[in-house]
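Asks: Contents are mmCIF, C-alpha atoms and all ligand atoms; file name upload13.cif:
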data_upload
#
loop_
_atom_site.label_atom_id
_atom_site.label_comp_id
_atom_site.auth_asym_id
_atom_site.auth_seq_id
_atom_site.Cartn_x
_atom_site.Cartn_y
_atom_site.Cartn_z
CA MET A 1 0.00 0.00 0.00
CA ASN A 2 1.24 3.44 -0.95
CA GLU A 3 0.31 6.14 1.56
CA LYS A 4 0.47 8.82 -1.12
CA GLN A 5 -2.00 6.99 -3.26
CA ILE A 6 -5.77 7.44 -3.30
CA TYR A 7 -7.53 4.18 -4.07
CA ILE A 8 -10.76 5.06 -5.79
CA GLY A 9 -13.28 3.32 -7.99
CA CYS A 10 -16.95 2.51 -8.35
CA HIS A 11 -19.27 -0.46 -8.75
CA LEU A 12 -18.56 -2.31 -11.99
CA SER A 13 -20.70 -4.71 -13.96
CA THR A 14 -19.72 -8.38 -13.77
CA THR A 15 -21.04 -9.01 -17.30
CA GLY A 16 -17.53 -9.05 -18.82
CA GLY A 17 -16.14 -11.27 -16.07
CA PHE A 18 -13.41 -10.43 -13.55
CA ALA A 19 -10.79 -9.48 -16.12
CA GLY A 20 -13.44 -7.33 -17.81
CA MET A 21 -13.93 -5.41 -14.56
CA GLY A 22 -10.17 -4.90 -14.32
CA LYS A 23 -10.14 -3.44 -17.82
CA ASP A 24 -13.13 -1.22 -17.08
CA ALA A 25 -11.41 0.01 -13.94
CA ILE A 26 -8.29 0.99 -15.92
CA LYS A 27 -10.46 2.72 -18.51
CA ILE A 28 -12.02 5.04 -15.92
CA GLY A 29 -8.88 5.76 -13.89
CA ALA A 30 -9.90 3.51 -10.99
CA ASN A 31 -7.46 1.48 -8.88
CA THR A 32 -10.04 -0.39 -6.83
CA PHE A 33 -13.68 -1.28 -7.49
CA ALA A 34 -16.78 -2.93 -6.13
CA PHE A 35 -18.97 -5.58 -7.68
CA PHE A 36 -22.07 -7.47 -6.67
CA THR A 37 -21.28 -11.09 -5.84
CA ARG A 38 -24.61 -12.05 -7.42
CA ASN A 39 -27.68 -10.27 -8.73
CA PRO A 40 -28.31 -7.45 -6.22
CA ARG A 41 -31.89 -8.63 -5.93
CA GLY A 42 -30.68 -12.06 -4.82
CA GLY A 43 -30.59 -15.28 -6.76
CA GLY A 44 -27.78 -17.40 -8.14
CA ALA A 45 -24.14 -16.60 -8.75
CA LYS A 46 -22.24 -17.21 -11.99
CA SER A 47 -19.61 -19.95 -11.97
CA ILE A 48 -16.04 -18.71 -11.72
CA ASP A 49 -13.45 -19.20 -14.47
CA PRO A 50 -9.97 -19.35 -12.85
CA ALA A 51 -8.30 -17.99 -16.02
CA ASP A 52 -10.62 -14.98 -15.90
CA VAL A 53 -9.74 -14.38 -12.23
CA ASP A 54 -6.02 -14.65 -13.07
CA GLY A 55 -6.53 -11.99 -15.72
CA LEU A 56 -7.88 -9.63 -13.06
CA ARG A 57 -5.13 -10.47 -10.58
CA LYS A 58 -2.53 -9.61 -13.20
CA ILE A 59 -4.18 -6.25 -13.94
CA MET A 60 -4.39 -5.50 -10.21
CA GLU A 61 -0.73 -6.28 -9.60
CA GLU A 62 0.56 -4.39 -12.61
CA ASN A 63 -1.49 -1.32 -11.76
CA ASN A 64 -1.07 -1.31 -7.99
CA PHE A 65 -4.72 -1.73 -7.12
CA GLY A 66 -6.01 -1.39 -3.59
CA LYS A 67 -8.28 -4.02 -2.07
CA LEU A 68 -11.54 -4.86 -3.80
CA VAL A 69 -14.83 -4.34 -2.00
CA ALA A 70 -17.30 -6.99 -3.14
CA HIS A 71 -20.89 -6.26 -2.16
CA ALA A 72 -23.43 -8.87 -1.08
CA PRO A 73 -26.91 -8.51 -2.59
CA TYR A 74 -28.67 -5.83 -0.59
CA THR A 75 -31.75 -8.02 -0.24
CA LEU A 76 -29.98 -10.43 2.13
CA ASN A 77 -31.49 -10.13 5.58
CA PRO A 78 -29.97 -12.32 8.28
CA CYS A 79 -32.36 -10.83 10.87
CA SER A 80 -35.60 -11.23 8.94
CA GLY A 81 -38.61 -12.47 10.88
CA THR A 82 -38.99 -15.23 8.26
CA ALA A 83 -36.86 -18.36 8.60
CA LYS A 84 -36.70 -18.85 4.82
CA THR A 85 -35.28 -15.35 4.29
CA ARG A 86 -32.68 -15.89 7.01
CA GLU A 87 -31.72 -19.25 5.48
CA PHE A 88 -31.27 -17.62 2.07
CA ALA A 89 -28.97 -15.00 3.62
CA LEU A 90 -26.96 -17.76 5.29
CA MET A 91 -26.66 -19.80 2.09
CA ALA A 92 -25.75 -16.81 -0.10
CA MET A 93 -23.12 -15.48 2.32
CA ALA A 94 -21.51 -18.90 2.80
CA ASP A 95 -21.39 -19.42 -0.97
CA ASP A 96 -20.07 -15.88 -1.61
CA LEU A 97 -17.30 -16.30 0.95
CA GLU A 98 -16.26 -19.58 -0.64
CA ARG A 99 -16.12 -17.89 -4.05
CA MET A 100 -14.24 -14.88 -2.66
CA GLU A 101 -11.29 -17.18 -2.00
CA TYR A 102 -10.61 -17.08 -5.72
CA LEU A 103 -9.50 -13.51 -5.03
CA PRO A 104 -7.77 -13.94 -1.67
CA GLY A 105 -7.42 -11.14 0.83
CA ASN A 106 -10.16 -8.78 -0.34
CA TYR A 107 -13.34 -7.44 1.29
CA TYR A 108 -16.94 -8.67 1.36
CA ASN A 109 -19.32 -5.88 2.31
CA ILE A 110 -22.74 -6.66 3.79
CA HIS A 111 -25.68 -4.63 5.04
CA PRO A 112 -26.19 -5.95 8.57
CA GLY A 113 -29.96 -6.37 8.09
CA SER A 114 -33.37 -5.03 9.07
CA HIS A 115 -34.94 -6.35 12.26
CA VAL A 116 -38.46 -5.76 10.89
CA GLY A 117 -39.99 -4.92 14.24
CA GLN A 118 -38.27 -7.62 16.28
CA GLY A 119 -36.08 -4.98 17.91
CA THR A 120 -32.41 -4.07 17.53
CA GLU A 121 -31.16 -6.48 20.20
CA ARG A 122 -32.89 -9.49 18.67
CA GLY A 123 -31.72 -8.35 15.22
CA ILE A 124 -28.11 -8.13 16.35
CA ALA A 125 -28.30 -11.59 17.92
CA MET A 126 -29.63 -13.06 14.66
CA ILE A 127 -26.95 -11.30 12.58
CA CYS A 128 -24.25 -12.71 14.87
CA GLU A 129 -25.79 -16.17 14.62
CA THR A 130 -25.55 -16.07 10.81
CA LEU A 131 -22.02 -14.62 10.77
CA ASN A 132 -20.89 -17.30 13.21
CA GLN A 133 -22.13 -19.95 10.80
CA VAL A 134 -20.45 -18.55 7.69
CA ILE A 135 -17.15 -17.08 8.91
CA THR A 136 -14.30 -19.58 9.15
CA PRO A 137 -10.86 -19.05 10.71
CA GLU A 138 -9.30 -20.19 7.41
CA GLN A 139 -10.89 -17.58 5.15
CA SER A 140 -8.69 -14.80 3.79
CA THR A 141 -11.60 -12.42 3.19
CA THR A 142 -12.56 -9.74 5.70
CA VAL A 143 -16.33 -9.27 6.08
CA LEU A 144 -17.27 -5.60 6.30
CA LEU A 145 -20.43 -4.35 8.01
CA GLU A 146 -21.68 -1.25 6.24
CA THR A 147 -22.75 1.79 8.26
CA MET A 148 -26.45 2.20 7.46
CA ALA A 149 -28.74 5.21 7.06
CA GLY A 150 -31.27 3.86 9.57
CA LYS A 151 -34.23 3.77 7.22
CA GLY A 152 -37.06 1.50 8.32
CA SER A 153 -35.73 -0.98 10.87
CA GLU A 154 -32.15 -1.12 9.57
CA VAL A 155 -29.58 -2.30 12.08
CA GLY A 156 -26.18 -0.61 11.97
CA SER A 157 -26.87 3.12 11.76
CA ARG A 158 -25.10 3.63 15.11
CA PHE A 159 -21.46 2.73 15.64
CA GLU A 160 -22.54 1.07 18.91
CA GLU A 161 -24.67 -1.44 16.99
CA LEU A 162 -21.80 -2.37 14.67
CA ALA A 163 -19.49 -2.77 17.67
CA GLU A 164 -22.04 -5.08 19.29
CA ILE A 165 -22.25 -7.25 16.18
CA ILE A 166 -18.46 -7.47 15.94
CA SER A 167 -18.14 -8.46 19.58
CA GLY A 168 -20.71 -11.22 19.04
CA VAL A 169 -18.73 -12.81 16.22
CA ILE A 170 -16.36 -15.55 17.35
CA HIS A 171 -13.78 -15.08 14.59
CA ASN A 172 -14.05 -11.33 14.59
CA GLU A 173 -10.48 -11.01 13.41
CA LYS A 174 -12.24 -11.51 10.05
CA MET A 175 -14.58 -8.53 10.62
CA GLY A 176 -14.32 -4.87 9.68
CA VAL A 177 -16.47 -1.89 8.77
CA CYS A 178 -17.20 0.00 5.56
CA LEU A 179 -18.19 3.61 6.20
CA ASP A 180 -20.72 5.05 3.75
CA THR A 181 -20.70 8.87 3.79
CA CYS A 182 -24.32 9.18 2.57
CA HIS A 183 -25.51 6.66 5.11
CA ILE A 184 -23.79 8.23 8.11
CA ASN A 185 -25.07 11.68 7.07
CA ASP A 186 -28.58 10.27 6.90
CA GLY A 187 -27.96 8.44 10.17
CA GLY A 188 -27.18 11.73 11.93
CA TYR A 189 -23.36 11.93 11.83
CA ASP A 190 -22.40 15.42 10.66
CA VAL A 191 -19.71 14.69 8.05
CA VAL A 192 -19.65 18.34 6.97
CA ASN A 193 -18.89 19.92 10.35
CA SER A 194 -17.72 17.13 12.65
CA LEU A 195 -15.48 14.69 10.79
CA GLU A 196 -12.88 14.68 13.58
CA GLU A 197 -15.48 13.88 16.25
CA ILE A 198 -17.00 11.17 14.07
CA LEU A 199 -13.62 9.49 13.66
CA GLU A 200 -12.92 9.85 17.39
CA ASP A 201 -16.29 8.22 18.15
CA PHE A 202 -15.58 5.48 15.65
CA ASP A 203 -12.20 4.84 17.22
CA ARG A 204 -13.55 4.75 20.77
CA ILE A 205 -16.59 2.60 19.97
CA ILE A 206 -15.37 0.26 17.20
CA GLY A 207 -11.66 0.97 16.75
CA LEU A 208 -10.27 2.71 13.67
CA ASP A 209 -8.24 -0.40 12.84
CA ARG A 210 -11.60 -2.01 11.93
CA LEU A 211 -12.33 0.65 9.30
CA LYS A 212 -11.35 -1.01 6.02
CA ALA A 213 -13.27 0.75 3.23
CA LEU A 214 -15.26 3.87 2.38
CA HIS A 215 -18.38 4.30 0.27
CA ILE A 216 -18.09 7.81 -1.11
CA ASN A 217 -21.50 9.28 -1.82
CA ASP A 218 -23.19 12.63 -1.49
CA SER A 219 -26.72 12.58 -0.03
CA LYS A 220 -29.96 13.86 -1.50
CA ASN A 221 -31.19 14.41 2.04
CA PRO A 222 -30.14 16.51 5.04
CA LEU A 223 -28.34 15.32 8.16
CA GLY A 224 -30.34 12.71 10.09
CA ALA A 225 -32.97 12.13 7.39
CA ARG A 226 -32.69 8.31 7.64
CA LYS A 227 -33.46 8.08 3.92
CA ASP A 228 -30.48 6.59 1.97
CA ARG A 229 -30.73 8.35 -1.40
CA HIS A 230 -27.27 8.81 -2.90
CA ALA A 231 -26.33 11.93 -4.88
CA CYS A 232 -23.38 12.59 -7.18
CA ILE A 233 -20.43 14.26 -5.46
CA GLY A 234 -21.18 17.98 -5.08
CA GLU A 235 -24.88 17.61 -5.81
CA GLY A 236 -26.10 16.80 -2.32
CA HIS A 237 -26.11 17.94 1.29
CA ILE A 238 -22.55 16.78 2.02
CA GLY A 239 -20.74 18.62 -0.76
CA THR A 240 -17.41 18.20 -2.50
CA GLU A 241 -15.22 19.84 0.16
CA ALA A 242 -16.39 17.54 2.95
CA ILE A 243 -15.99 14.50 0.69
CA VAL A 244 -12.41 15.52 -0.16
CA ARG A 245 -11.68 15.91 3.58
CA VAL A 246 -12.82 12.31 4.06
CA ILE A 247 -10.79 10.76 1.25
CA THR A 248 -7.62 12.69 2.21
CA HIS A 249 -7.90 12.34 6.00
CA PRO A 250 -4.56 11.11 7.41
CA ASN A 251 -6.32 8.39 9.43
CA LEU A 252 -8.17 7.07 6.38
CA ARG A 253 -5.21 6.93 4.01
CA GLY A 254 -4.99 3.84 1.84
CA LEU A 255 -8.59 2.73 2.30
CA PRO A 256 -10.45 1.80 -0.90
CA CYS A 257 -12.95 4.58 -1.74
CA ILE A 258 -15.94 3.30 -3.69
CA LEU A 259 -18.29 5.72 -5.45
CA GLU A 260 -21.93 4.63 -5.43
CA THR A 261 -23.23 7.81 -6.98
CA PRO A 262 -26.12 7.82 -9.47
CA GLN A 263 -23.93 8.31 -12.57
CA ASP A 264 -25.38 7.18 -15.90
CA GLY A 265 -22.41 5.16 -17.02
CA LEU A 266 -18.66 4.63 -16.89
CA GLU A 267 -17.89 8.05 -18.40
CA GLY A 268 -19.66 9.75 -15.52
CA TYR A 269 -17.57 7.77 -13.04
CA ALA A 270 -14.38 8.51 -14.99
CA ASP A 271 -15.11 12.24 -14.62
CA GLU A 272 -16.02 11.95 -10.94
CA ILE A 273 -12.84 9.95 -10.20
CA ALA A 274 -10.68 12.44 -12.13
CA MET A 275 -12.25 15.36 -10.26
CA LEU A 276 -11.67 13.77 -6.85
CA ARG A 277 -8.08 12.80 -7.69
CA GLU A 278 -7.37 16.36 -8.76
CA LEU A 279 -8.93 17.88 -5.62
CA ALA A 280 -7.24 15.32 -3.35
CA ALA A 281 -3.75 15.66 -4.84
CA PRO A 282 -2.69 18.86 -3.00
CA HIS A 283 -3.64 17.25 0.32
CA ILE A 284 -1.62 14.08 -0.06
CA TYR A 285 1.63 15.08 -1.74
FE FE B 301 -24.32 -0.98 0.45
FE FE B 302 -22.96 1.98 0.43
ZN ZN B 303 -27.07 3.45 0.23
#
Represent the structure from my file as structure tokens, please.
Replies:
Amino acid sequence: MNEKQIYIGCHLSTTGGFAGMGKDAIKIGANTFAFFTRNPRGGGAKSIDPADVDGLRKIMEENNFGKLVAHAPYTLNPCSGTAKTREFALMAMADDLERMEYLPGNYYNIHPGSHVGQGTERGIAMICETLNQVITPEQSTTVLLETMAGKGSEVGSRFEELAEIISGVIHNEKMGVCLDTCHINDGGYDVVNSLEEILEDFDRIIGLDRLKALHINDSKNPLGARKDRHACIGEGHIGTEAIVRVITHPNLRGLPCILETPQDGLEGYADEIAMLRELAAPHIY
């Protein structure tokens, strides 16, 4: 890892395979990226071609990529009130983690879940139960809990809740956190005015060493809205300056920064990445 490097990318389509994502990343000036491990609405996963994965590994090595941040389908809910839904989450996560070993040492980001009226404590217990069934001491992947906006009955909009989940996981050396700037804004953490306090809170409650990745999004809604509607950088309530402070913060250096902004296509992301690299450069060199 190069401390003077910003690792930035976006979600890429898996249609062209792993090597295809590597090529897309290069095309848009990215040196990390995210991808959905299966259809974001759930369902099956494509079989993996080892030659295709090798193609990506080569591109990553030659171009000094940061860690990848794979994303579980956002429909997985390990704390659903329905046994069938919980079982699907368990099956999909176990299968995803097995497949992630084709790309050793990267990240698997999950939304903790929605307790759907069962209460946060019961939700957290169910999430831990699932994680304890899928996480093995042998795996090389770190599972990241995403900070959530707190819409509906989402678990994980408070750092305390994420800390509780982590402490309930037996092999929590395999656990980390992915901080989503839109989500924490919507969850009531003032990224614009209080970044230092937020990071101090994070460190005290979870530990900054657990913070492994950033989702870089502006928000269509004001602080504390509990909505989760992403905006392009500079077009929301967080604003470009605050976003640049996040990606250049000395304590966050080297973390993969994943854009999840509502850009139309790769060109939009290429522009957004170029803009952020340019604005970040004076702060890191
Ligand atoms: Fe997410
Ligand atoms: Fe996110
Ligand atoms: Zn979101």
Asks: Show me the residues around (-21.2, 15.3, 5.3) - criterion: an atom at most 6 Å away, all atoms listed in the file counted - as a list in words.
Replies: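 Here the neighbourhood of the point contains Asn185, Asp190, Val191, Val192, Ile238 and Ala242 of chain A.
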Asks: Within 8 Å of Phe65 in chain A, counting only C-alpha atoms, which residues qualify if same-chain residues fewer than 2 places away don't, as a list in words?
Replies: Tyr7, Asn31, Thr32, Met60, Glu61, Asn63 and Lys67 of chain A
Asks: For Leu252 in chain A, find every residue with an atom within 10 Å (counting only C-alpha atoms), except residues of its own chain fewer than 3 positions away, and show them as a list in words.
Replies: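 Listed by chain and then number, they are Glu3, Ile6, Leu199, Leu208, Asp209, Leu211, Lys212, Ala213, Leu214, Arg245, Val246, Ile247, Thr248, His249, Leu255, Pro256 and Cys257 of chain A.
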Asks: Using only C-alpha atoms and all ligand atoms, determine which residues fall within 9 Å of ligand FE 302 (chain B), then list them as a list in words.
Replies: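 The residues near ligand FE 302 (chain B) are His71, Asn109, His111, Glu146, Thr147, Met148, Cys178, Leu179, Asp180, Thr181, Cys182, His183, Leu214, His215, Ile216, Asn217, Asp228, His230, Ile258, Leu259 and Glu260 of chain A.
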Asks: With all atoms listed in the file as the atoms that count, which of A:Leu56, A:Ala280, A:Ile110, A:Ile206 lies nearest to Thr37 in chain A?
Replies: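 Checking each candidate against Thr37 in chain A, we get A:Ile110 as the closest.
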Asks: Here is a test: counting all atoms listed in the file, which residue of A:His283, A:Lys174, A:Ala225, A:Phe33 is nearest to Arg253 in chain A?
Replies: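 Closest to Arg253 in chain A of all the choices is A:His283.
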Asks: What is the CA of His237 in chain A-CA of Leu279 in chain A distance in Å, reported with one decimal?
Replies: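 The value is 18.5 Å.
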Asks: Using all atoms listed in the file, find the one residue out of A:Gly156, A:Gly119, A:Gly239, A:Gly22 that sits nearest to ligand FE 301 (chain B).
Replies: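 That would be A:Gly156, the residue with the smallest distance to ligand FE 301 (chain B).
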Asks: Fewer than 3 positions away in the same chain doesn't count, so skip those; otherwise give me all residues within 9 Å of Ala89 in chain A, counting all atoms listed in the file, as a list of chain:residue names.
Replies: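 The residues satisfying every condition are A:Thr75, A:Leu76, A:Asn77, A:Pro78, A:Lys84, A:Thr85, A:Arg86, A:Ala92, A:Met93, A:Ala94, A:Thr130.
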Asks: With C-alpha atoms retained, could you export that selection as a PDB file, keeping the file's coordinate frame?
Replies:
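As a result, out.pdb now contains:
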ATOM      1  CA  THR A  75     -31.750  -8.020  -0.240  1.00  0.00           C
ATOM      2  CA  LEU A  76     -29.980 -10.430   2.130  1.00  0.00           C
ATOM      3  CA  ASN A  77     -31.490 -10.130   5.580  1.00  0.00           C
ATOM      4  CA  PRO A  78     -29.970 -12.320   8.280  1.00  0.00           C
ATOM      5  CA  LYS A  84     -36.700 -18.850   4.820  1.00  0.00           C
ATOM      6  CA  THR A  85     -35.280 -15.350   4.290  1.00  0.00           C
ATOM      7  CA  ARG A  86     -32.680 -15.890   7.010  1.00  0.00           C
ATOM      8  CA  ALA A  92     -25.750 -16.810  -0.100  1.00  0.00           C
ATOM      9  CA  MET A  93     -23.120 -15.480   2.320  1.00  0.00           C
ATOM     10  CA  ALA A  94     -21.510 -18.900   2.800  1.00  0.00           C
ATOM     11  CA  THR A 130     -25.550 -16.070  10.810  1.00  0.00           C
TER      12      THR A 130
END
Asks: Could you tell me how far CA of Tyr189 in chain A sits from CA of Gly224 in chain A, in Å to one decimal place?
Replies: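 Between CA of Gly224 in chain A and CA of Tyr189 in chain A the gap works out to 7.2 Å.
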Asks: Looking at all atoms listed in the file, which of A:Asp271, A:Asp54, A:Glu87, A:Glu101 is the one that sits closest to Ala70 in chain A?
Replies: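 Distance minimum relative to Ala70 in chain A lands on A:Glu101.
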Asks: Give the answer as one residue: which of A:Asp218, A:Asp52, A:Asp95, A:Asp203 has the shortest atom-to-atom distance to ligand ZN 303 (chain B), using all atoms listed in the file?
Replies: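 Of all the options, A:Asp218 lies closest to ligand ZN 303 (chain B).
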Asks: Give as a PyMOL selection string every residue, naming chains and numbers as the document does, that has an atom within 7 Å of (-21.0, -5.4, -8.6), counting all atoms listed in the file.
Replies: chain A and resi 11-14+34-37+70-71
Asks: Take CA of Ala149 in chain A and CA of Ala274 in chain A and report the distance between them in Å, one decimal.
Replies: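 Separating CA of Ala149 in chain A from CA of Ala274 in chain A is a distance of 27.3 Å.
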Asks: Identify, on the basis of only C-alpha atoms, every residue whose closest approach to Ala270 in chain A does not exceed 10 Å; exclude the query and any residue fewer than 5 positions from it along the same chain; express the result as a PyMOL selection string.
Replies: chain A and resi 9-10+25-30+263+265+275
